[in-house]
file structure.csv (CSV, C-alpha atoms and all ligand atoms)
chain,number,residue,atom,x,y,z
A,19,MET,CA,20.9,120.5,105.9
A,20,THR,CA,22.6,117.5,104.3
A,21,ALA,CA,25.2,115.5,106.1
A,22,GLU,CA,27.9,116.7,103.8
A,23,THR,CA,27.4,120.4,104.6
A,24,GLU,CA,27.0,119.4,108.3
A,25,GLU,CA,30.5,118.0,108.3
A,26,ALA,CA,31.8,121.1,106.6
A,27,GLU,CA,30.1,123.3,109.2
A,28,TRP,CA,31.6,121.2,112.0
A,29,ALA,CA,35.0,121.6,110.4
A,30,ARG,CA,34.5,125.4,110.4
A,31,LEU,CA,33.5,125.3,114.1
A,32,MET,CA,36.6,123.2,114.9
A,33,LEU,CA,38.9,125.6,113.2
A,34,ARG,CA,37.4,128.5,115.2
A,35,ILE,CA,38.2,126.5,118.4
A,36,ARG,CA,41.7,125.7,117.1
A,37,ASP,CA,42.6,129.2,115.8
A,38,ASP,CA,40.5,131.5,118.0
A,39,ARG,CA,39.8,129.5,121.1
A,40,ASP,CA,36.1,130.3,120.4
A,41,ALA,CA,33.9,129.2,123.3
A,42,GLU,CA,30.6,129.5,121.4
A,43,ALA,CA,32.0,127.3,118.6
A,44,PHE,CA,32.9,124.8,121.4
A,45,ALA,CA,29.4,124.9,122.9
A,46,ALA,CA,27.9,124.2,119.4
A,47,LEU,CA,30.2,121.2,118.8
A,48,PHE,CA,29.5,120.0,122.3
A,49,ARG,CA,25.7,119.9,121.5
A,50,GLU,CA,26.4,117.9,118.3
A,51,PHE,CA,29.0,115.5,119.6
A,52,ALA,CA,28.7,114.9,123.3
A,53,PRO,CA,25.4,112.9,122.9
A,54,ARG,CA,27.1,110.8,120.1
A,55,VAL,CA,30.2,110.2,122.2
A,56,LYS,CA,28.1,109.1,125.2
A,57,ALA,CA,26.0,106.8,123.0
A,58,PHE,CA,29.3,105.4,121.5
A,59,LEU,CA,30.7,104.7,124.9
A,60,MET,CA,27.5,103.1,126.2
A,61,ARG,CA,27.5,100.9,123.1
A,62,SER,CA,31.1,100.0,124.0
A,63,GLY,CA,29.7,98.6,127.3
A,64,SER,CA,30.1,101.5,129.7
A,65,THR,CA,27.4,102.3,132.3
A,66,ALA,CA,25.7,105.7,131.8
A,67,THR,CA,27.6,107.1,134.7
A,68,VAL,CA,31.0,106.1,133.4
A,69,ALA,CA,30.0,107.1,129.9
A,70,GLU,CA,29.0,110.6,131.1
A,71,GLU,CA,32.3,111.1,132.9
A,72,CYS,CA,34.3,109.9,130.0
A,73,THR,CA,32.3,112.0,127.5
A,74,GLN,CA,33.1,115.2,129.5
A,75,ASP,CA,36.7,114.1,129.4
A,76,VAL,CA,36.6,113.5,125.6
A,77,MET,CA,35.0,116.9,125.0
A,78,ALA,CA,37.6,118.6,127.2
A,79,THR,CA,40.3,116.9,125.3
A,80,LEU,CA,38.8,118.1,122.0
A,81,TRP,CA,39.3,121.7,123.3
A,82,GLN,CA,42.8,121.0,124.8
A,83,LYS,CA,44.1,119.2,121.7
A,84,ALA,CA,42.4,121.4,119.1
A,85,GLY,CA,45.8,122.5,117.9
A,86,LEU,CA,46.3,119.0,116.4
A,87,PHE,CA,43.1,119.1,114.3
A,88,ASP,CA,43.9,119.1,110.6
A,89,PRO,CA,40.9,119.2,108.3
A,90,THR,CA,42.9,117.8,105.4
A,91,ARG,CA,43.6,114.6,107.3
A,92,ALA,CA,40.4,113.8,109.1
A,93,SER,CA,36.8,114.9,109.4
A,94,VAL,CA,35.6,116.2,112.8
A,95,THR,CA,33.6,113.0,113.4
A,96,THR,CA,36.7,110.9,112.7
A,97,TRP,CA,38.8,113.0,114.9
A,98,VAL,CA,36.3,112.8,117.8
A,99,PHE,CA,36.2,109.1,117.3
A,100,THR,CA,40.0,108.8,117.8
A,101,ILE,CA,39.8,110.9,121.0
A,102,ALA,CA,36.8,108.8,122.3
A,103,ARG,CA,38.6,105.5,121.5
A,104,ASN,CA,41.8,106.7,123.2
A,105,ARG,CA,39.9,107.8,126.3
A,106,ARG,CA,38.0,104.5,126.4
A,107,ILE,CA,41.4,102.6,126.4
A,108,ASP,CA,42.8,105.0,129.0
A,109,THR,CA,40.1,105.3,131.5
A,110,ILE,CA,37.9,102.2,131.0
A,111,ARG,CA,40.5,99.6,130.0
A,112,ARG,CA,43.2,101.4,132.0
A,113,ALA,CA,45.9,100.7,129.5
A,114,ARG,CA,48.4,103.0,127.7
A,115,ARG,CA,47.8,103.8,124.1
A,116,PRO,CA,51.0,104.4,122.1
A,117,GLU,CA,50.3,106.9,119.3
A,118,PRO,CA,52.2,107.4,116.1
A,119,GLU,CA,54.3,110.6,115.9
A,120,ASP,CA,53.8,112.9,113.0
A,121,LEU,CA,55.9,112.3,110.0
A,122,ALA,CA,57.7,115.2,108.4
A,123,TRP,CA,55.5,115.8,105.4
A,124,GLY,CA,58.0,117.9,103.5
A,125,PRO,CA,57.3,121.6,102.7
A,126,GLU,CA,53.9,122.4,104.2
A,127,ALA,CA,51.7,123.2,101.3
A,128,GLU,CA,48.7,125.5,101.7
A,129,PRO,CA,45.8,123.1,102.0
A,130,GLU,CA,43.4,123.2,99.2
A,131,ALA,CA,39.8,123.9,100.0
A,132,ALA,CA,38.8,121.0,97.8
A,133,GLU,CA,40.9,118.6,99.9
A,134,ILE,CA,39.2,119.7,103.1
A,135,VAL,CA,35.8,119.2,101.6
A,136,GLU,CA,36.8,115.8,100.3
A,137,ARG,CA,38.0,114.7,103.7
A,138,GLN,CA,34.9,116.0,105.5
A,139,GLN,CA,32.7,114.1,103.0
A,140,GLU,CA,34.6,110.8,103.4
A,141,THR,CA,33.1,110.0,106.8
A,142,ASP,CA,29.6,110.5,105.4
A,143,ARG,CA,30.3,108.3,102.4
A,144,LEU,CA,31.7,105.6,104.6
A,145,GLY,CA,28.7,105.9,106.9
A,146,ARG,CA,26.3,105.3,103.9
A,147,ALA,CA,28.4,102.4,102.7
A,148,ILE,CA,28.2,100.8,106.2
A,149,ALA,CA,24.5,101.4,106.3
A,150,GLN,CA,24.1,99.5,103.0
A,151,LEU,CA,25.9,96.4,104.2
A,152,PRO,CA,24.0,93.2,105.1
A,153,PRO,CA,23.0,93.5,108.8
A,154,ASN,CA,25.4,90.8,110.0
A,155,GLN,CA,28.4,92.5,108.3
A,156,ARG,CA,27.3,95.8,109.5
A,157,ALA,CA,27.1,94.5,113.1
A,158,LEU,CA,30.6,93.1,112.8
A,159,ILE,CA,32.1,96.4,111.7
A,160,GLU,CA,30.2,98.2,114.5
A,161,ARG,CA,31.2,95.7,117.1
A,162,ALA,CA,34.9,96.0,116.1
A,163,TYR,CA,34.8,99.8,116.6
A,164,PHE,CA,32.8,99.7,119.7
A,165,GLY,CA,35.7,97.6,121.1
A,166,ASP,CA,33.6,94.5,121.3
A,167,LEU,CA,35.9,92.3,119.3
A,168,SER,CA,39.4,91.2,120.3
A,169,HIS,CA,42.3,91.4,117.8
A,170,SER,CA,42.1,87.6,117.1
A,171,GLU,CA,38.3,87.9,116.5
A,172,ILE,CA,38.9,90.7,114.1
A,173,ALA,CA,41.6,88.6,112.4
A,174,ALA,CA,39.4,85.6,112.3
A,175,GLU,CA,36.7,87.5,110.4
A,176,THR,CA,38.8,87.5,107.3
A,177,GLY,CA,37.3,89.6,104.6
A,178,LEU,CA,36.7,92.3,107.2
A,179,PRO,CA,36.3,95.1,106.3
A,180,LEU,CA,34.0,93.7,103.7
A,181,GLY,CA,32.8,94.4,100.2
A,182,THR,CA,31.7,98.0,99.7
A,183,ILE,CA,33.5,99.1,102.9
A,184,LYS,CA,36.7,97.6,101.5
A,185,SER,CA,36.4,99.5,98.2
A,186,ARG,CA,35.5,102.7,100.2
A,187,ILE,CA,38.5,102.3,102.3
A,188,ARG,CA,40.6,101.7,99.2
A,189,LEU,CA,39.3,104.9,97.7
A,190,ALA,CA,39.9,106.9,100.9
A,191,LEU,CA,43.4,105.4,101.0
A,192,ASP,CA,44.3,106.2,97.4
A,193,ARG,CA,43.2,109.8,98.0
A,194,LEU,CA,45.1,110.1,101.2
A,195,ARG,CA,48.2,108.5,99.6
A,196,HIS,CA,48.0,110.9,96.7
A,197,GLN,CA,47.6,113.8,99.0
A,198,MET,CA,50.5,112.7,101.3
A,199,THR,CA,53.1,112.2,98.6
B,30,MET,CA,64.2,108.0,109.4
B,31,LYS,CA,63.1,109.7,106.2
B,32,HIS,CA,63.2,108.2,102.7
B,33,MET,CA,63.3,104.6,103.7
B,34,THR,CA,62.1,102.1,101.2
B,35,ILE,CA,59.7,100.0,103.2
B,36,THR,CA,58.5,96.8,101.5
B,37,HIS,CA,56.9,94.8,104.4
B,38,HIS,CA,53.8,96.5,105.8
B,39,LEU,CA,51.1,96.0,108.5
B,40,SER,CA,48.2,93.7,107.5
B,41,ASP,CA,44.7,95.1,107.2
B,42,ASP,CA,43.4,93.3,110.2
B,43,LEU,CA,46.2,94.7,112.4
B,44,LEU,CA,45.5,98.2,111.2
B,45,MET,CA,41.8,97.8,111.8
B,46,ALA,CA,42.4,96.3,115.3
B,47,TYR,CA,44.7,99.1,116.2
B,48,SER,CA,42.2,101.7,114.9
B,49,ALA,CA,39.4,100.0,116.8
B,50,GLY,CA,41.6,100.0,120.0
B,51,ALA,CA,41.5,96.2,120.2
B,52,LEU,CA,45.3,95.5,120.5
B,53,PRO,CA,47.2,94.8,123.6
B,54,GLU,CA,49.7,97.5,124.5
B,55,ALA,CA,52.8,95.8,123.2
B,56,LEU,CA,51.3,95.2,119.8
B,57,SER,CA,50.0,98.8,119.7
B,58,LEU,CA,53.5,100.0,120.4
B,59,VAL,CA,54.9,98.1,117.4
B,60,VAL,CA,52.0,99.3,115.1
B,61,ALA,CA,52.4,102.9,116.3
B,62,THR,CA,56.2,102.8,115.7
B,63,HIS,CA,55.8,101.3,112.2
B,64,VAL,CA,53.2,103.9,111.3
B,65,SER,CA,55.6,106.6,112.5
B,66,MET,CA,58.1,105.4,109.9
B,67,CYS,CA,55.7,104.6,107.1
B,68,PRO,CA,53.5,107.0,105.1
B,69,ASP,CA,51.6,104.1,103.4
B,70,CYS,CA,50.4,102.6,106.6
B,71,ARG,CA,49.7,106.1,108.0
B,72,ALA,CA,47.4,106.7,105.1
B,73,ALA,CA,45.8,103.2,105.6
B,74,LEU,CA,45.3,103.9,109.3
B,75,ALA,CA,43.6,107.2,108.5
B,76,ALA,CA,41.2,105.3,106.3
B,77,HIS,CA,40.4,102.8,109.1
B,78,ASP,CA,40.0,105.6,111.6
B,79,ALA,CA,37.5,107.2,109.1
B,80,VAL,CA,35.4,103.9,109.4
B,81,GLY,CA,35.5,104.4,113.1
B,82,GLY,CA,34.3,108.0,112.6
B,83,ALA,CA,31.4,106.7,110.4
B,84,VAL,CA,30.4,104.2,113.2
B,85,LEU,CA,30.5,107.0,115.8
B,86,GLY,CA,28.4,109.1,113.4
B,87,THR,CA,25.7,106.5,113.1
B,88,CYS,CA,25.4,105.1,116.6
B,89,GLY,CA,22.7,107.5,117.8
B,90,GLU,CA,22.6,109.9,120.7
B,91,ALA,CA,22.4,109.4,124.4
B,92,GLU,CA,20.9,111.9,126.8
B,93,LEU,CA,23.5,113.9,128.7
B,94,ALA,CA,23.5,115.0,132.3
B,95,PRO,CA,21.8,118.4,132.6
B,96,ASP,CA,25.1,120.1,133.8
B,97,SER,CA,27.3,118.2,131.3
B,98,LEU,CA,28.6,121.2,129.4
B,99,GLU,CA,29.2,123.2,132.6
B,100,LYS,CA,31.2,120.3,134.1
B,101,THR,CA,33.2,119.9,130.9
B,102,LEU,CA,34.1,123.6,131.0
B,103,ALA,CA,35.1,123.2,134.6
B,104,ARG,CA,37.3,120.3,133.6
B,105,ILE,CA,39.0,122.5,131.0
B,106,ALA,CA,39.5,125.3,133.5
B,107,ALA,CA,41.0,122.9,136.1
B,108,ALA,CA,43.3,121.1,133.7
B,109,ARG,CA,46.9,121.0,134.7
B,110,PRO,CA,49.6,121.4,132.0
B,111,GLU,CA,50.7,118.1,130.6
B,112,THR,CA,53.9,116.6,132.1
B,113,PRO,CA,56.7,117.1,129.6
B,114,ARG,CA,57.8,114.0,127.8
B,115,PRO,CA,61.3,112.7,128.4
B,116,LYS,CA,63.9,114.4,126.1
B,117,ARG,CA,64.2,112.5,122.9
B,118,ASP,CA,66.8,112.5,120.2
B,119,ASP,CA,66.0,111.0,116.8
B,120,SER,CA,67.6,107.7,117.3
B,121,LEU,CA,64.2,106.1,117.7
B,122,PRO,CA,60.7,106.8,116.5
B,123,GLY,CA,58.7,108.8,119.0
B,124,PRO,CA,56.3,106.3,120.4
B,125,LEU,CA,59.1,103.9,121.1
B,126,ALA,CA,61.4,106.6,122.4
B,127,ASP,CA,58.8,107.4,125.1
B,128,TYR,CA,59.0,103.9,126.4
B,129,VAL,CA,62.7,103.6,126.8
B,130,GLY,CA,63.8,106.9,128.2
B,131,GLY,CA,64.0,109.0,125.0
B,132,SER,CA,66.9,107.4,123.1
B,133,LEU,CA,68.6,104.2,122.0
B,134,SER,CA,71.6,105.1,124.2
B,135,GLN,CA,69.2,104.8,127.2
B,136,VAL,CA,68.3,101.2,126.5
B,137,LYS,CA,69.6,98.8,129.2
B,138,TRP,CA,70.6,95.7,127.2
B,139,ARG,CA,71.0,92.3,128.6
B,140,ALA,CA,73.2,89.8,126.8
B,141,LEU,CA,71.5,86.5,125.8
B,142,ALA,CA,73.5,84.0,123.7
B,143,GLY,CA,76.5,85.0,121.6
B,144,GLY,CA,75.9,88.1,119.7
B,145,VAL,CA,72.3,88.7,120.8
B,146,LYS,CA,71.1,91.2,123.4
B,147,GLN,CA,67.6,92.1,124.4
B,148,ALA,CA,65.8,94.7,126.5
B,149,VAL,CA,62.2,94.1,127.7
B,150,VAL,CA,59.9,97.0,127.1
B,151,PRO,CA,57.4,97.2,129.9
B,152,THR,CA,53.8,97.0,128.7
B,153,ASP,CA,50.6,95.6,130.2
B,154,ARG,CA,49.7,91.9,130.0
B,155,GLY,CA,48.4,90.2,127.0
B,156,ALA,CA,51.5,90.6,125.0
B,157,THR,CA,55.2,91.3,125.5
B,158,ALA,CA,57.5,93.7,123.7
B,159,ARG,CA,61.3,93.8,123.6
B,160,LEU,CA,64.1,95.3,121.7
B,161,LEU,CA,66.6,92.9,120.1
B,162,TYR,CA,70.2,93.6,119.2
B,163,ILE,CA,71.6,91.1,116.8
B,164,GLN,CA,75.2,91.3,115.7
B,165,GLY,CA,75.8,91.1,111.9
B,166,GLY,CA,75.8,87.5,110.7
B,167,VAL,CA,74.3,86.1,113.8
B,168,ALA,CA,71.1,84.1,113.9
B,169,VAL,CA,68.3,84.7,116.3
B,170,PRO,CA,67.5,81.4,118.1
B,171,ASP,CA,64.9,79.3,116.3
B,172,HIS,CA,61.5,79.7,117.7
B,173,GLY,CA,57.9,79.0,117.0
B,174,HIS,CA,55.1,80.9,118.6
B,175,ARG,CA,51.4,81.0,119.4
B,176,GLY,CA,49.4,84.0,118.4
B,177,VAL,CA,50.8,87.0,116.5
B,178,GLU,CA,54.5,88.0,116.5
B,179,LEU,CA,55.5,91.4,115.1
B,180,THR,CA,59.1,92.2,114.3
B,181,LEU,CA,59.9,95.7,113.2
B,182,VAL,CA,63.5,96.5,112.0
B,183,LEU,CA,64.8,99.8,113.4
B,184,GLN,CA,68.4,99.5,112.1
B,185,GLY,CA,70.4,97.1,110.0
B,186,ALA,CA,68.5,94.2,108.3
B,187,PHE,CA,67.7,90.5,108.8
B,188,ARG,CA,66.7,87.7,106.4
B,189,ASP,CA,64.6,84.7,107.0
B,190,GLU,CA,62.7,82.1,105.0
B,191,THR,CA,60.1,84.8,103.9
B,192,GLY,CA,62.5,87.5,102.7
B,193,ARG,CA,64.7,90.5,103.6
B,194,PHE,CA,63.7,93.0,106.2
B,195,GLY,CA,65.4,96.4,106.4
B,196,PRO,CA,64.8,99.5,108.4
B,197,GLY,CA,61.0,100.2,108.7
B,198,ASP,CA,60.0,96.7,107.5
B,199,ILE,CA,57.7,94.7,109.7
B,200,GLU,CA,57.3,91.0,109.7
B,201,VAL,CA,53.9,89.8,110.7
B,202,ALA,CA,54.1,86.1,111.7
B,203,SER,CA,51.3,84.2,113.1
B,204,ASP,CA,50.7,80.7,114.5
B,205,ASP,CA,53.2,78.1,113.8
B,206,LEU,CA,55.6,79.7,111.3
B,207,GLU,CA,59.0,78.4,112.3
B,208,HIS,CA,61.4,80.9,111.1
B,209,LYS,CA,65.1,81.5,111.4
B,210,PRO,CA,66.0,85.2,111.2
B,211,VAL,CA,69.7,85.9,110.5
B,212,ALA,CA,71.1,89.4,110.8
B,213,GLU,CA,72.9,90.6,107.6
B,214,HIS,CA,76.6,91.0,107.7
B,215,GLY,CA,77.7,94.5,108.6
B,216,PRO,CA,76.2,96.7,111.3
B,217,ALA,CA,74.1,95.1,114.0
B,218,CYS,CA,70.3,94.6,113.4
B,219,ILE,CA,68.1,96.3,116.0
B,220,CYS,CA,64.5,95.3,116.1
B,221,LEU,CA,61.4,95.9,118.1
B,222,ALA,CA,59.5,92.7,118.6
B,223,ALA,CA,56.1,91.9,120.2
B,224,THR,CA,54.5,88.6,120.8
B,225,GLU,CA,51.0,87.7,122.0
B,226,ALA,CA,52.2,84.8,124.0
B,227,PRO,CA,55.6,83.8,125.4
B,228,LEU,CA,57.9,82.4,122.8
B,229,ARG,CA,59.0,78.8,123.0
B,230,PHE,CA,62.3,77.8,121.5
B,231,ALA,CA,62.7,74.8,119.4
B,232,GLY,CA,66.0,73.7,121.0
B,233,LEU,CA,66.1,72.1,124.4
B,234,ILE,CA,68.8,74.3,126.1
B,235,PRO,CA,67.2,77.6,125.0
B,236,ARG,CA,63.9,76.3,126.3
B,237,LEU,CA,65.4,75.8,129.7
B,238,MET,CA,66.8,79.3,129.6
B,239,GLN,CA,63.5,80.8,128.5
B,240,PRO,CA,62.1,81.6,132.0
B,241,LEU,CA,65.5,83.1,132.9
B,242,PHE,CA,65.6,85.6,130.1
B,243,ARG,CA,61.9,86.2,129.6
B,244,ILE,CA,62.2,86.0,125.9
A,301,ZN,ZN,53.8,100.3,106.3

call {"tool": "encode", "arguments": {"input": "structure.csv", "output": "structure tokens", "more": "lines below"}}
Ligand SMILES: [Zn+2]
result
Amino acid sequence: MTAETEEAEWARLMLRIRDDRDAEAFAALFREFAPRVKAFLMRSGSTATVAEECTQDVMATLWQKAGLFDPTRASVTTWVFTIARNRRIDTIRRARRPEPEDLAWGPEAEPEAAEIVERQQETDRLGRAIAQLPPNQRALIERAYFGDLSHSEIAAETGLPLGTIKSRIRLALDRLRHQMT
Amino acid sequence: MKHMTITHHLSDDLLMAYSAGALPEALSLVVATHVSMCPDCRAALAAHDAVGGAVLGTCGEAELAPDSLEKTLARIAAARPETPRPKRDDSLPGPLADYVGGSLSQVKWRALAGGVKQAVVPTDRGATARLLYIQGGVAVPDHGHRGVELTLVLQGAFRDETGRFGPGDIEVASDDLEHKPVAEHGPACICLAATEAPLRFAGLIPRLMQPLFRI
């Protein structure tokens, strides 16, 4: 199975959780994502014990907040990342994380299947773009998202996000803008 | 809060730092509030979040505890319903409303010098946030600052050396920009401001008052 169809499959599982509260779909996503979340948290500096606790918390949140998942706005991987990041701030840094409120998007259009596929593929394309970066640039991006760099360190690395990542972000942005207006 | 024309936006490094979870709470609050008002920055943030997703997707897998799934299901079963948020009206964007009791009318203002009021918004250390109320035509005291200062206009408008800032606009000032914001004539200008380090006023008397007012 290629990564692109994997993301599409995860989105289908996520929708079954969201719409049908499907426990089997949850168990399947748990097998895919819990080990990644735990690895992500350990790369962020957590001990295995704390990372395990926090991972369970993240996956429980995925179930509880499933109603907020919108496959036209984020891939499942991206959505899981935002939950893991927020739990990391909450439980490990013990700080509050103010979150944006949803904008009124105007009349709710029926999402197009193509949009959903596009969104689910974005993460994979970004992943490949990151993998192709020179090692030091790649390490910087990773460290930033593992929570290893402070804001001023991120700001000091001007040009971050770099090169291909930047053009990927631009593309993702243009598509999102187009979709949101 | 709809159909505003926003011309001053968040910088890429702030969006990335917010997406990565690297900002102190006060700066996060200003970013989240601007994003709540601005479709452009919301789209940009979604793209930065997608980079985070890609990093999560490529960082490998760690071995779980054998009973990890069971424990997670037990957590779900034991979860208590979320405590309801304070009642909000739409005088303030959601993330900010949550910090000040739900509405602009709940803000407890404290008068500073003539025509300026402020209310400190409690956040954790590392940066401070406050609401500013500046009467039309009145200047905010001259100040320089270390680190980043974010000023988001909620109502009214101000001008300084770098341009005009109306509702939804955010000024990102860093290091030693000495600027002199003046509220436009007309209705008062209400802003949410956050600074990484305490401000220092350029004038002597305001500097003496600084500890008193915690500005
Ligand atoms: Zn913006």

call {"tool": "interface_residues", "arguments": {"input": "structure.csv", "of": "chain A", "to": "chain B", "cutoff": "6 Å", "atoms": "all atoms listed in the file", "output": "number ranges by chain"}}
result
A: 53-54, 56-57, 74, 78, 95-96, 99, 116-119, 141, 144-145, 163, 168-169, 173, 187, 190-191, 194-195

call {"tool": "closest_residue", "arguments": {"input": "structure.csv", "among": "B:Glu200, B:Thr224, B:Gly166, B:Pro216", "to": "ligand ZN 301 (chain A)", "atoms": "all atoms listed in the file"}}
result
B:Glu200

call {"tool": "atom_distance", "arguments": {"input": "structure.csv", "atom1": "atom CA of Leu158 of chain A", "atom2": "atom CA of Glu175 of chain A"}}
result
8.6 Å

call {"tool": "atom_distance", "arguments": {"input": "structure.csv", "atom1": "atom CA of Asn154 of chain A", "atom2": "atom CA of Gly63 of chain A"}}
result
19.5 Å

call {"tool": "atom_distance", "arguments": {"input": "structure.csv", "atom1": "atom CA of Val98 of chain A", "atom2": "atom CA of Ser170 of chain A"}}
result
25.9 Å

call {"tool": "closest_residue", "arguments": {"input": "structure.csv", "among": "A:Ser62, A:Gln82, A:Ala147, A:Gln139", "to": "Arg106 of chain A", "atoms": "all atoms listed in the file"}}
result
A:Ser62

call {"tool": "residues_near_point", "arguments": {"input": "structure.csv", "point": "(72.0, 96.3, 104.7)", "cutoff": "7 Å", "atoms": "only C-alpha atoms", "output": "list in words"}}
result
Gly185, Ala186, Gly195 and Glu213 of chain B

call {"tool": "residues_around", "arguments": {"input": "structure.csv", "residues": "Ile35 of chain A", "least_positions_apart": "3", "cutoff": "7 Å", "atoms": "only C-alpha atoms", "output": "list in words"}}
result
Leu31, Met32, Asp38, Arg39, Asp40, Ala43, Phe44, Trp81 and Ala84 of chain A
